[in-house]
file model07.cif (mmCIF, C-alpha atoms)
data_upload
#
loop_
_atom_site.label_atom_id
_atom_site.label_comp_id
_atom_site.auth_asym_id
_atom_site.auth_seq_id
_atom_site.Cartn_x
_atom_site.Cartn_y
_atom_site.Cartn_z
CA MET H 1 57.90 -62.96 48.52
CA LYS H 2 54.48 -63.23 46.87
CA GLY H 3 56.06 -65.08 43.95
CA SER H 4 57.68 -67.61 46.28
CA VAL H 5 54.38 -68.26 48.05
CA SER H 6 52.61 -68.65 44.70
CA VAL H 7 55.19 -71.08 43.32
CA LEU H 8 55.18 -73.12 46.53
CA ALA H 9 51.37 -73.25 46.54
CA ILE H 10 51.21 -74.43 42.92
CA VAL H 11 53.94 -77.05 43.39
CA LEU H 12 52.34 -78.36 46.58
CA ALA H 13 48.89 -78.48 44.97
CA VAL H 14 50.18 -80.38 41.92
CA VAL H 15 52.07 -82.92 44.04
CA VAL H 16 49.18 -83.53 46.44
CA GLN H 17 46.70 -83.76 43.53
CA ALA H 18 48.81 -86.25 41.56
CA ALA H 19 50.12 -88.32 44.45
CA VAL H 20 47.17 -88.38 46.84
CA LEU H 21 43.82 -87.05 45.63
CA ASN H 22 43.79 -88.67 42.18
CA ARG H 23 44.55 -92.06 43.76
CA ILE H 24 41.75 -92.06 46.34
CA PRO H 25 38.88 -94.24 45.11
CA LEU H 26 35.90 -91.90 45.37
CA PRO H 27 32.41 -92.41 43.90
CA GLY H 28 32.20 -91.78 40.18
CA GLY H 29 35.97 -91.65 39.85
CA ALA H 30 35.93 -87.93 40.68
CA ALA H 31 38.37 -86.14 42.96
CA PRO H 32 38.51 -82.63 44.38
CA ASP H 33 40.51 -80.32 42.14
CA LEU H 34 43.16 -78.84 44.41
CA VAL H 35 45.10 -77.46 41.45
CA VAL H 36 42.18 -75.30 40.31
CA LEU H 37 41.82 -73.97 43.85
CA ALA H 38 45.52 -73.05 44.01
CA VAL H 39 45.41 -71.36 40.60
CA THR H 40 42.25 -69.51 41.67
CA ALA H 41 43.91 -68.24 44.85
CA VAL H 42 47.02 -67.09 42.99
CA ALA H 43 44.95 -65.39 40.30
CA LEU H 44 42.75 -63.64 42.86
CA TYR H 45 45.69 -62.04 44.64
CA CYS H 46 48.20 -61.54 41.80
CA THR H 47 48.31 -60.00 38.33
CA ARG H 48 46.79 -61.34 35.11
CA ILE H 49 50.17 -62.55 33.91
CA ALA H 50 50.90 -64.28 37.21
CA GLY H 51 47.51 -66.00 37.07
CA ALA H 52 48.09 -67.17 33.50
CA VAL H 53 51.63 -68.36 34.22
CA ALA H 54 50.52 -70.17 37.37
CA GLY H 55 47.70 -71.85 35.46
CA PHE H 56 49.97 -72.82 32.57
CA ALA H 57 52.66 -74.25 34.85
CA ALA H 58 50.17 -76.17 36.99
CA GLY H 59 48.33 -77.51 33.94
CA LEU H 60 51.52 -78.58 32.21
CA ALA H 61 52.73 -80.33 35.35
CA MET H 62 49.42 -82.19 35.63
CA ASP H 63 49.64 -83.09 31.93
CA VAL H 64 53.02 -84.80 32.30
CA LEU H 65 52.82 -86.32 35.80
CA PRO H 66 51.54 -89.90 36.04
CA PRO H 67 48.77 -91.02 35.67
CA ALA H 68 48.43 -88.49 32.82
CA ASP H 69 46.38 -90.04 30.05
CA SER H 70 45.52 -87.14 27.77
CA GLU H 71 47.29 -84.87 25.33
CA ILE H 72 50.12 -82.79 26.75
CA GLY H 73 49.05 -79.18 26.81
CA ARG H 74 45.29 -79.58 27.13
CA GLY H 75 45.31 -78.98 30.88
CA ALA H 76 47.91 -76.25 30.49
CA LEU H 77 45.69 -74.38 28.03
CA VAL H 78 42.58 -74.71 30.17
CA LEU H 79 44.24 -73.64 33.43
CA CYS H 80 46.15 -70.82 31.72
CA LEU H 81 42.86 -69.39 30.46
CA ALA H 82 41.25 -69.86 33.87
CA GLY H 83 44.08 -68.09 35.69
CA TYR H 84 44.03 -65.18 33.28
CA LEU H 85 40.24 -64.78 33.31
CA ILE H 86 40.03 -64.94 37.12
CA ALA H 87 42.70 -62.26 37.51
CA ALA H 88 41.13 -60.14 34.75
CA ASN H 89 37.72 -60.32 36.44
CA ARG H 90 39.23 -59.27 39.75
CA ALA H 91 41.22 -56.46 38.17
CA SER H 92 38.23 -55.04 36.33
CA GLU H 93 37.77 -51.38 37.19
CA LYS H 94 34.03 -51.38 36.45
CA ARG H 95 32.87 -53.92 39.01
CA GLU H 96 33.93 -55.70 42.14
CA GLY H 97 35.16 -59.27 41.81
CA LEU H 98 33.08 -62.21 42.89
CA HIS H 99 33.42 -63.84 46.27
CA PRO H 100 36.46 -66.19 46.28
CA TYR H 101 34.30 -69.28 46.77
CA ALA H 102 31.96 -68.34 43.94
CA THR H 103 35.01 -67.70 41.77
CA ALA H 104 36.43 -71.10 42.72
CA ALA H 105 33.12 -72.81 41.90
CA MET H 106 32.92 -71.10 38.51
CA ALA H 107 36.58 -71.94 37.81
CA THR H 108 36.06 -75.60 38.71
CA LEU H 109 32.96 -75.87 36.56
CA GLY H 110 34.48 -73.90 33.69
CA THR H 111 37.78 -75.80 33.61
CA ALA H 112 36.01 -79.16 33.69
CA LEU H 113 33.67 -78.22 30.84
CA VAL H 114 36.37 -76.59 28.68
CA TYR H 115 38.68 -79.57 29.28
CA ALA H 116 35.90 -81.93 28.15
CA PHE H 117 35.10 -79.75 25.14
CA ALA H 118 38.77 -79.73 24.12
CA GLY H 119 38.76 -83.50 24.45
CA VAL H 120 35.74 -83.78 22.16
CA VAL H 121 37.41 -81.49 19.60
CA LEU H 122 40.59 -83.57 19.77
CA GLY H 123 38.63 -86.82 19.39
CA ASP H 124 38.93 -88.36 22.86
CA PRO H 125 36.57 -91.38 22.72
CA ARG H 126 36.29 -91.61 26.54
CA ILE H 127 34.26 -88.41 26.82
CA THR H 128 30.51 -88.94 26.99
CA PHE H 129 27.74 -86.54 27.91
CA GLY H 130 26.71 -88.55 30.98
CA GLY H 131 30.30 -88.90 32.12
CA VAL H 132 30.88 -85.17 31.82
CA VAL H 133 27.71 -84.32 33.76
CA VAL H 134 28.36 -86.79 36.59
CA GLY H 135 32.11 -86.18 36.75
CA THR H 136 31.79 -82.39 36.69
CA SER H 137 29.06 -82.41 39.34
CA LEU H 138 31.02 -84.65 41.70
CA THR H 139 34.26 -82.75 41.14
CA LEU H 140 32.50 -79.45 41.83
CA LEU H 141 30.94 -80.79 45.03
CA LEU H 142 34.19 -82.28 46.34
CA THR H 143 36.21 -79.20 45.38
CA MET H 144 33.83 -76.88 47.18
CA VAL H 145 34.00 -79.08 50.29
CA ILE H 146 37.78 -78.62 50.55
CA SER H 147 37.88 -75.02 49.26
CA PRO H 148 37.86 -73.38 52.75
CA LEU H 149 40.98 -75.38 53.60
CA VAL H 150 42.82 -73.96 50.59
CA LEU H 151 41.43 -70.52 49.72
CA GLY H 152 41.38 -69.14 53.25
CA PRO H 153 44.97 -69.84 54.33
CA LEU H 154 46.49 -69.33 50.88
CA GLY H 155 44.61 -66.08 50.37
CA ALA H 156 45.76 -64.83 53.77
CA MET H 157 49.40 -65.64 52.94
CA LEU H 158 49.17 -63.93 49.55
CA ARG H 159 47.54 -60.83 51.07
CA ARG H 160 50.24 -60.60 53.74
CA THR H 161 53.01 -60.78 51.16
CA ALA H 162 51.55 -57.99 49.02
CA ARG H 163 53.76 -55.00 48.29
CA ASP H 164 50.97 -52.60 49.20
CA PRO H 165 50.94 -52.08 53.00
CA TYR H 166 47.20 -51.33 52.84
CA ALA H 167 46.24 -54.42 50.82
CA ASP H 168 44.50 -56.00 53.83
CA PHE H 169 42.03 -53.14 54.13
CA ALA H 170 38.83 -53.42 52.16
CA THR H 171 37.65 -50.49 50.09
CA PRO H 172 34.55 -48.91 51.65
CA PRO H 173 31.51 -49.40 49.41
CA TRP H 174 30.74 -45.66 49.35
CA THR H 175 33.99 -44.78 47.57
CA THR H 176 34.15 -44.65 43.81
CA GLY H 177 37.90 -44.90 43.44
CA GLY H 178 40.97 -43.56 45.12
CA VAL H 179 43.12 -45.22 47.76
CA GLY H 180 41.69 -48.77 47.87
CA ARG H 181 41.77 -49.37 44.13
#
call {"tool": "encode", "arguments": {"input": "model07.cif", "output": "structure tokens"}}
result
Amino acid sequence: MKGSVSVLAIVLAVVVQAAVLNRIPLPGGAAPDLVVLAVTAVALYCTRIAGAVAGFAAGLAMDVLPPADSEIGRGALVLCLAGYLIAANRASEKREGLHPYATAAMATLGTALVYAFAGVVLGDPRITFGGVVVGTSLTLLLTMVISPLVLGPLGAMLRRTARDPYADFATPPWTTGGVGR
């Protein structure tokens, strides 16, 4: 059931991003990144492999759907890495994961910067320092504005579909392992 919810969330995020959000004329040409939020939610509540696969599939879909104007695979690589790293951070035994909104902010910032860096390495002439700073800042702001509408409901659905019947219970801070981990 969790896989079905994850696939549906990624497909819905990609379609809404490509068909609606990328076509809204916002200042600076930026748009909120719904796909990064969906990949973040899936990676926070699933395994490392599920996070990487969700990121790869979402990135590849965004690379081929119109109005795609960059190399096929660049978005897939960036979102695959983001999905894996988010899930790996959450699954770390040594420390607790970050708050979902802080994770989403770091994922949005990181994916935008790595995407731009990959574009520079591949020789994309449209990437400028000023454009990256303004575009990344506006995308981060707009993404964080809509993040409660995505992370809250999607996280609740993914928690409810977990195989562990005690997944909704938080681990008390005074424990050092055991049942909640």
call {"tool": "axis_aligned_box", "arguments": {"input": "model07.cif", "around": "segment 116-126 of chain H", "padding_each_side": "8 Å", "output": "lines of an AutoDock Vina configuration file"}}
result
center_x = 37.8
center_y = -85.7
center_z = 23.8
size_x = 21.5
size_y = 27.9
size_z = 24.8
call {"tool": "residues_near_point", "arguments": {"input": "model07.cif", "point": "(34.9, -81.2, 24.4)", "cutoff": "12 Å", "atoms": "all atoms listed in the file", "output": "list of chain:residue names"}}
result
H:Arg74, H:Val78, H:Gly110, H:Thr111, H:Ala112, H:Leu113, H:Val114, H:Tyr115, H:Ala116, H:Phe117, H:Ala118, H:Gly119, H:Val120, H:Val121, H:Leu122, H:Gly123, H:Asp124, H:Pro125, H:Arg126, H:Ile127, H:Thr128, H:Phe129, H:Gly131, H:Val132
call {"tool": "closest_residue", "arguments": {"input": "model07.cif", "among": "H:Gly73, H:Gly55, H:Pro66, H:Pro25", "to": "Leu85 of chain H", "atoms": "only C-alpha atoms"}}
result
H:Gly55
call {"tool": "closest_residue", "arguments": {"input": "model07.cif", "among": "H:Ile10, H:Leu81, H:Ala41, H:Ala31", "to": "Ala54 of chain H", "atoms": "only C-alpha atoms"}}
result
H:Ile10
call {"tool": "resolve_selection", "arguments": {"input": "model07.cif", "expression": "the PyMOL selection byres ((chain H and resi 6) around 9)", "output": "PyMOL selection string"}}
result
chain H and resi 1-5+7-11+38-39+41-42+46+50+54+154+158
call {"tool": "residues_around", "arguments": {"input": "model07.cif", "residues": "segment 58-65 of chain H", "least_positions_apart": "4", "cutoff": "6 Å", "atoms": "all atoms listed in the file", "output": "PyMOL selection string"}}
result
chain H and resi 72-73+75-76+79
call {"tool": "atom_distance", "arguments": {"input": "model07.cif", "atom1": "atom CA of Val14 of chain H", "atom2": "atom CA of Leu37 of chain H"}}
result
10.7 Å
call {"tool": "closest_residue", "arguments": {"input": "model07.cif", "among": "H:Asp69, H:Leu44, H:Ala104, H:Gly51", "to": "Leu141 of chain H", "atoms": "all atoms listed in the file"}}
result
H:Ala104
call {"tool": "closest_residue", "arguments": {"input": "model07.cif", "among": "H:Val53, H:Leu77, H:Val36, H:Ser147", "to": "Leu109 of chain H", "atoms": "all atoms listed in the file"}}
result
H:Val36
call {"tool": "residues_around", "arguments": {"input": "model07.cif", "residues": "Met144 of chain H", "least_positions_apart": "3", "cutoff": "9 Å", "atoms": "only C-alpha atoms", "output": "JSON, numbers by chain"}}
result
{"H": [32, 101, 104, 105, 108, 139, 140, 141, 147, 148]}
call {"tool": "atom_distance", "arguments": {"input": "model07.cif", "atom1": "atom CA of Ile86 of chain H", "atom2": "atom CA of Ile146 of chain H"}}
result
19.3 Å
call {"tool": "closest_residue", "arguments": {"input": "model07.cif", "among": "H:Gly152, H:Gly83, H:Gly135, H:Gly130", "to": "His99 of chain H", "atoms": "all atoms listed in the file"}}
result
H:Gly152
call {"tool": "atom_distance", "arguments": {"input": "model07.cif", "atom1": "atom CA of Gln17 of chain H", "atom2": "atom CA of Tyr84 of chain H"}}
result
21.4 Å
call {"tool": "closest_residue", "arguments": {"input": "model07.cif", "among": "H:Ala43, H:Leu142, H:Cys80, H:Leu26", "to": "Pro100 of chain H", "atoms": "only C-alpha atoms"}}
result
H:Ala43
